[in-house]
Amino acid sequence: MSATRYSATTGLVHEEPLLFEQAHEQHEAMALPGCAAEEAPSPLASFLRQKPAGIPGLSEPEVVRHFVRLSQWNHGIETGFYPLGSCTMKYNPRVHEQIARMPGFAQAHPDQPEDSVQGLLSLLFELQQALGEITGLPHVTLTPAAGAHGELVGIMMIRAWHDARGDDCRRTVLVPDSAHGTNPASASLAGMRTVELKSGPDGQIDLTELKSRLDDRVAALMLTNPNTTGRFESQIAEICDLVHQAGGLVYGDGANLNAIVGKARPGDMGIDCLHINVHKTFATPHGGGGPGAGPVAVNEALAPFLPVPRIERQGEQYRIVRSCPQSIGPVFGSIGQVGVLLRALAYIRAFGRDHLHRIAEDAVLNANYILHRLKDAYHVPFPGLCKHECLLTDKFQNRHGVKTLDLAKRLIDLGFHPMTIYFPLIVHGAMLIEPTETESRRTIDAFCDAMLEIARACEKGEVQPMLDAPTKPFRRRLDETRAARKPVLVWPERANGSSADRS
Amino acid sequence: MTIPEHLLYTKEHEWVRIEDDIATIGITDHAQEALGDIVFVELPAKGRKVQAGEAFAVVESVKAVSDVYAPVAGEVVETNELLESEPEKINTDPYGEGWIARVRMSGDKVELLDEATYTTYLEE
Amino acid sequence: MRFLPHTEEDRRSMLETIGMTHVDELFADIPERFLLKPGTLELPEAASEAAILRHFGRAASANLHAGQMRCFLGAGTYHHFVPAAVDHVISRGEFLTAYTPYQPEISQGTLQALFEFQTMIARLLDMDVANASMYDAATSVAEAALMARRVTRRDRVLMAESLNPRYRAVTENYLARNGGHICIQPADAFDERDPIPSLARAIDDQTACVIVQYPDFFGRIHALAPLRAACDEHGALLVVAFSDATAFGLIEPPGHFGADIACGSGQALGIPMSFGGPHIGLFACRQRFVRQMPGRVCGMTEDAEGRRGFVLTLSTREQHIRREKATSNICSNQGLMCTAIACHLSLLGDAGIREVAMRSAAALQKLIEQLPPAITPAPGAHYNETVLRFPDGKLRDAFIRAAREAAIFAGIPLETLTDRQTHAADLLVATTEIISAEDIDDYAAVLHRTLEPRK
């Protein structure tokens, strides 16, 4: 079998200099509408910028070609499989882009009169209702800008709930050692102290460890279910009961909601508060890092503490409520990442009550299928049923001097984006693979074939291609040590040849 | 991996050399190897009073961060400013040019191990 | 279901491969009492793409928007022109549907665009370095306050009242849970006096930073030099916030005044208003504070063959490595907006940015010149935003209604933003290069008409 079979990178790949290296004298600025002026208004005279910023102005053909060439060095979900565990990289429907760009949405100002944006507010309200129903936690804020922001908002609400009961010594948040790094970081930002919970030998929450950590200072347990090893915490009801009996609340990290969407509801299991990464479960594009949106859904007890502004329905009218007595207050400059939220609603509408559960069914089927095909070639730290992602390690390949990073880079040469590597932290050499529901069997089989080929090559001692990988993309392995030792974060040269010189 | 005989060690993988009331402190060869390429060292401020066992410096590689704990109590009298421009000295010469700080001792120490005990500790 | 590629046969045979006969077996690890019966959620039924377009299209057409209305609204969101090429570039699937560039060899497009973005933002603000974005201006200001506290190891944060009340509220909210002492220095849009010297006097040896907006929330421009001097005297950081970054095409940027941190909105640089988001928070600082900076950052390096390339760097500040001790909890940011801004700014160039700013300022100037005598504009130098004081709130509201009839969003009632009843006759008004001379004539005409019956 030839390795080139999977190759993704052939053909015309252009080198493309930085915009600053292409700068040339700007003949004419872009034609603009509005009020032409020869001189700045006189009150501004003493404030005028003396030195131009040094931003190269290029013609439209040059700019478009520059960025389209850059785009060609990127991998996206539209280009191919993106099996990043914990990231839920699924296909982003194109109709979402049309929707977000409708002028009634894209050109609406956040402070235009409420009665002039009723259409938009009705959709946002509809999304609140849908997310409440899907999670079993009926009260929803759409405001948080991303998952981590949702975590912060959730922990702020939990803290406010304890404080309102006069229980203002509860400042500890329990976070499993397998959790996303955002969990402890968000808890800290909310002014809480984090205590790490050691996972059991099966990667699950260890009830004995949990019990030993629960006391009258614990405000909450932050938990991801299915957890970051891809497995469902089957003792979820017992876990929630224990925390509740100790006077704490349970925060759910909804990053893995794709495994159970439409099949089961976190609210029914005893979770009090959950954020939803709509850029994961509800197919809004990741944009090379963002924007996302992280709505938070809560139960009755936490509802009074939701942030403002809120969207409420009063009769036939939708209102933006900017002040509520027990609210934790504003956490963002506007009502939320509206363009992202509209896309999420469109995904929910497309599946509807008839098909929503099929998201989880196909996602879980695909992950288990991959696990089954790879389980003899790669070490599986926690055998058994997985949910929407499966966890492998490099233990077998280590014997041949190959580690997870090499396996990941080799996948690139075979035409696949690597899986998530070295996460969760509790598993040495972790490889976390999440196929999502939008990949075809053909793609999944090709990925498994490539993984098996790598494993076979290791067994045969053909390890050099792993250590050299990747060799096919536009750039080989990049020197991250150099980047971190002497950080160069801006282009130092100016158009006139001088370099920026400030400290 | 080297573990010089004339130094003392902590279970957190610092080494310490005591001359009169001055303790020179760094991280061991084992520690630098576990961290990988060191890219940044956050040095303590001169004059800072530290407790024995207090985190007083930070060593960073590309994808890991490690606190350095003061093995002895006292006042920071000198720091290795060379590490600001060449943090890699901790990788290449952990017991020499890669030293981190000197502390004028007053009071407590954490448990310090001799070379043989530290070697056994690492093997465990 | 058009987003699910498997056929029933695929599913059957894949289940068979893993030794199962029914899909329910895949969920055997979920306690049965929690499993839902398919189709029982209270959601609308599945909709075709055509039905979805109709549903959303109807809602969209029920809104008024800046495509039909002349938009004089600001307060942190501005209706600047965005060329089609910008939207085209960020619609490319390779930018739009990429993940965070953790595998740099196959993400050089996003990474180079980020590096170009960081460079342009640093240059526009005249700062040493910029990060790869925060969520929005409000959270960017809050993060700046937290960073200043880390750098100075002090608690007291001093804010001018002329900082956008939403930035202020979010910052207070972030600080309140972290033992911060917040101090607000009063400022009023109609006070003739320069508020900067009194703000400078409020800086003391416990102050971590002073946060001042420039141009301020009322659109007024102040010389910030006294703040720099007071910060130097007391070892505090100068944090300069901003709302409409096009200003720095025309007036001196935050770096000119020696800002330690410059933070604010980048929405004006090529991002649609979208009812408040997604926008983007810009964040720039001095090189020497870079290891205390929040958020992702892209750096230049070389690959194994010595060719230039880019990577995410200084990651040890971030949550995935430093966890509870991270400089921020931010993970997803506004990545795509960085690409949009890099594209937009390169289409404009220095000359274009200046032109945008000139026209935005000229429109405001022209509007002020046409105001009837009964309307008082706020004193001082203004860029593209100001406050108009009406004889009373009723007249102001009558004008807003009449303007809307003439397809004009005339401004934002100030008290809805500041929560102060003393602002109940004030209107916050902003202009951009999209506002034409005719729009201003129409605005003035409606204003004169509304005031006439009083004569």
# chains A, B, ... in the order shown; residues from 1 in each chain; ligands from 1
>>> interface_residues(of="chain C", to="chain B", cutoff="12 Å", atoms="only C-alpha atoms", output="list in words")
Arg288, Arg291, Gln292, Val311, Leu312, Thr313, Leu314, Ser315, Thr316, Arg317, Glu318, Gln319, His320, Ile321, Arg322, Arg323, Lys325 and Ala326 of chain C
>>> select_by_dssp(residues="range 179-213 of chain C", states="strand (DSSP E)", output="list of chain:residue names")
C:His181, C:Ile182, C:Cys183, C:Ile184, C:Gln185, C:Thr207, C:Ala208, C:Cys209, C:Val210, C:Ile211, C:Val212, C:Gln213
>>> residues_around(residues="range 368-382 of chain C", least_positions_apart="4", cutoff="6 Å", atoms="only C-alpha atoms", output="list in words")
Pro43 and Leu44 of chain A; Ala189, Phe190, Glu192, Gly219, Arg220, Ile221, Val387, Leu388, Arg389 and Phe390 of chain C
>>> interface_residues(of="chain A", to="chain B", cutoff="10 Å", atoms="only C-alpha atoms", output="PyMOL selection string")
chain A and resi 480-487
>>> residues_around(residues="Lys198 in chain A", least_positions_apart="6", cutoff="8 Å", atoms="only C-alpha atoms", output="JSON, numbers by chain")
{"A": [176, 177, 205, 206, 209]}
>>> closest_residue(among="C:Ile196, C:Met20, C:Val446, C:Val157", to="chain A", atoms="only C-alpha atoms")
C:Met20
